[in-house]
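Peer 1: Take this structure first; my questions come after.
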Amino acid sequence: MKLRSFSHGYGQITYHIVLVPKYRYKIFSDRRVKKDCELILKDICMVQGYKIHAIEIVADHVHLLLEFHPSTSLSKVVQYLKGGSSNRLFKLHPELKKRYWGRSLWSSGKFFRSVGNVTADTIKHYIEESQGKPKAEIQSCGSRGSGQRRLDDFWIP
């Protein structure tokens with residue numbers, strides 16, 4: 001995953017998102033429902049301009065690693081994914097309406113976590129130890145031999 005240039009910024013917005021069907025029913029055990037869900041989610045992402053880095057659908061939930069424009073809110077992304085996929089899956093698989101009689105396929109909650117190329121500890125170290133210090137002093141902060149990458153390695157002024 002690379003940093004991208006936007007009209008007034010430079011960065012990356014990537015999230016690990018997990019969507020869970022209501023009551024955690026194992027609806028994706030059916031290969032047809034699973035495949036249709038994957039195709040529908042990919043189509044929604046293509047239309048909305050989201051980039052899928054990874055998708056995995058297991059029996060009772062969906063994992064997505066998504067990148068999207070910084071002007072788009074995470075809530076709006078999840079709304080498009082849940083609403084669009086729910087509607088289309090009900091049309092393709094009317095048998096789901098028997099289980100989800102309220103026309104709501106997905107649980108009301110969501111799991112999300114932002115991801116990137118640096119750890120929270122790296123950013124904390126960068127903020128606490130390097131801001132406002134001379135360049136020579138920054139180089140001496142922390143150990144580069146530990147295999148950990150510092151935020152300086154990714155920062156492009």
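All residue names refer to the structure tokens as shown: chains lettered A, B, ... in order, residues numbered from 1 in each chain, ligands numbered from 1 in order.
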So that I can see what lies close to region 82-84 of chain A, please list as a list in words the residues with an atom at most 9 Å from it, counting only C-alpha atoms and leaving out residues fewer than 4 positions away in the same chain.

Peer 2: Leu19, Ile40, Leu41, Ile44, Val77, Val78, Arg88, Leu89, Ser104, Leu105 and Trp106 of chain A

Peer 1: Fewer than 4 positions away in the same chain doesn't count, so skip those; otherwise give me all residues within 12 Å of Leu74 (chain A), counting only C-alpha atoms, as a list in words.

Peer 2: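 What passes the distance filter is Ile13, Thr14, Tyr15, His16, Ile17, Tyr50, Leu66, Glu67, Phe68, His69, Pro70, Val78, Gln79, Tyr80, Leu81, Lys110, Phe111, Phe112, Arg113 and Ser114 of chain A.
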
Peer 1: Tell me which of A:Thr122, A:Asn117, A:Ser108, A:Ser85 sits closest to Lys34 (chain A), counting only C-alpha atoms.

Peer 2: A:Ser85

Peer 1: State, in Å with one decimal place, the distance from CA of Phe6 (chain A) to CA of Ile55 (chain A).

Peer 2: 25.0 Å

Peer 1: One decimal, Å: what's the distance from CA of His63 (chain A) over to CA of Thr119 (chain A), could you say?

Peer 2: 20.9 Å

Peer 1: What parts of chain A does DSSP call strand (DSSP E)? I'd like the answer as a VMD selection string.

Peer 2: chain A and resid 4 to 6 9 to 11 14 to 19 51 to 58 61 to 67 111 to 115

Peer 1: Print the selection's residues with C-alpha atoms to a file, as a PDB file, in the first residue's frame.

Peer 2:
ATOM      1  CA  ARG A   4      -1.263   8.776  -2.491  1.00  0.00           C
ATOM      2  CA  SER A   5      -1.438  12.402  -3.499  1.00  0.00           C
ATOM      3  CA  PHE A   6      -4.792  14.158  -3.214  1.00  0.00           C
ATOM      4  CA  GLY A   9      -2.959  16.389   0.934  1.00  0.00           C
ATOM      5  CA  TYR A  10      -0.780  13.346   0.841  1.00  0.00           C
ATOM      6  CA  GLY A  11      -1.481  10.146   2.713  1.00  0.00           C
ATOM      7  CA  THR A  14      -6.929   2.170   4.784  1.00  0.00           C
ATOM      8  CA  TYR A  15      -9.225   0.241   7.108  1.00  0.00           C
ATOM      9  CA  HIS A  16      -9.774  -3.348   8.123  1.00  0.00           C
ATOM     10  CA  ILE A  17     -13.573  -3.642   8.215  1.00  0.00           C
ATOM     11  CA  VAL A  18     -15.582  -6.633   9.423  1.00  0.00           C
ATOM     12  CA  LEU A  19     -19.263  -6.966   8.548  1.00  0.00           C
ATOM     13  CA  LYS A  51      -9.748   0.066  -3.484  1.00  0.00           C
ATOM     14  CA  ILE A  52      -9.977  -3.474  -2.096  1.00  0.00           C
ATOM     15  CA  HIS A  53      -6.600  -4.761  -0.949  1.00  0.00           C
ATOM     16  CA  ALA A  54      -8.072  -7.982   0.462  1.00  0.00           C
ATOM     17  CA  ILE A  55     -11.474  -9.611   0.917  1.00  0.00           C
ATOM     18  CA  GLU A  56     -12.308 -12.808   2.765  1.00  0.00           C
ATOM     19  CA  ILE A  57     -15.783 -14.147   3.354  1.00  0.00           C
ATOM     20  CA  VAL A  58     -16.172 -16.869   5.975  1.00  0.00           C
ATOM     21  CA  HIS A  61     -18.723 -12.651   8.595  1.00  0.00           C
ATOM     22  CA  VAL A  62     -16.820 -10.670   5.955  1.00  0.00           C
ATOM     23  CA  HIS A  63     -13.320  -9.169   6.224  1.00  0.00           C
ATOM     24  CA  LEU A  64     -12.350  -6.262   3.975  1.00  0.00           C
ATOM     25  CA  LEU A  65      -9.120  -4.306   3.714  1.00  0.00           C
ATOM     26  CA  LEU A  66     -10.244  -1.093   2.003  1.00  0.00           C
ATOM     27  CA  GLU A  67      -8.616   2.125   0.916  1.00  0.00           C
ATOM     28  CA  PHE A 111     -15.609  -3.598  13.458  1.00  0.00           C
ATOM     29  CA  PHE A 112     -13.021  -1.286  11.987  1.00  0.00           C
ATOM     30  CA  ARG A 113      -9.369  -0.554  12.524  1.00  0.00           C
ATOM     31  CA  SER A 114      -7.182   1.856  10.619  1.00  0.00           C
ATOM     32  CA  VAL A 115      -4.021   0.352   9.227  1.00  0.00           C
TER      33      VAL A 115
END

Peer 1: Do you have the CA of Gly116 (chain A)-CA of Leu3 (chain A) distance handy?

Peer 2: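 We find that CA of Gly116 (chain A) and CA of Leu3 (chain A) lie 9.5 Å from each other.
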
Peer 1: When DSSP is applied to the backbone of this structure, which of chain A are assigned alpha helix (DSSP H)? Write them out as number ranges by chain.

Peer 2: A: 31-48, 74-92, 96-99, 120-125, 135-140

Peer 1: List the neighbours of Leu92 (chain A) out to 10 Å using only C-alpha atoms; skip same-chain residues closer than 3 positions along the sequence, and give me the result as a PyMOL selection string.

Peer 2: chain A and resi 32-33+36-37+87-89+95-96

Peer 1: Write to file, as a CSV table (one decimal), in the first residue's frame, the residues of the selection just made, with C-alpha atoms.

Peer 2:
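Output file again_2.csv follows:
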chain,number,residue,atom,x,y,z
A,32,ARG,CA,-23.7,-19.1,-4.1
A,33,VAL,CA,-24.5,-16.6,-1.4
A,36,ASP,CA,-22.6,-13.3,-4.9
A,37,CYS,CA,-21.7,-11.3,-1.8
A,87,ASN,CA,-30.6,-5.1,-1.1
A,88,ARG,CA,-28.9,-7.0,-3.9
A,89,LEU,CA,-28.5,-10.2,-1.9
A,95,GLU,CA,-34.7,-17.4,0.6
A,96,LEU,CA,-32.8,-15.0,2.8
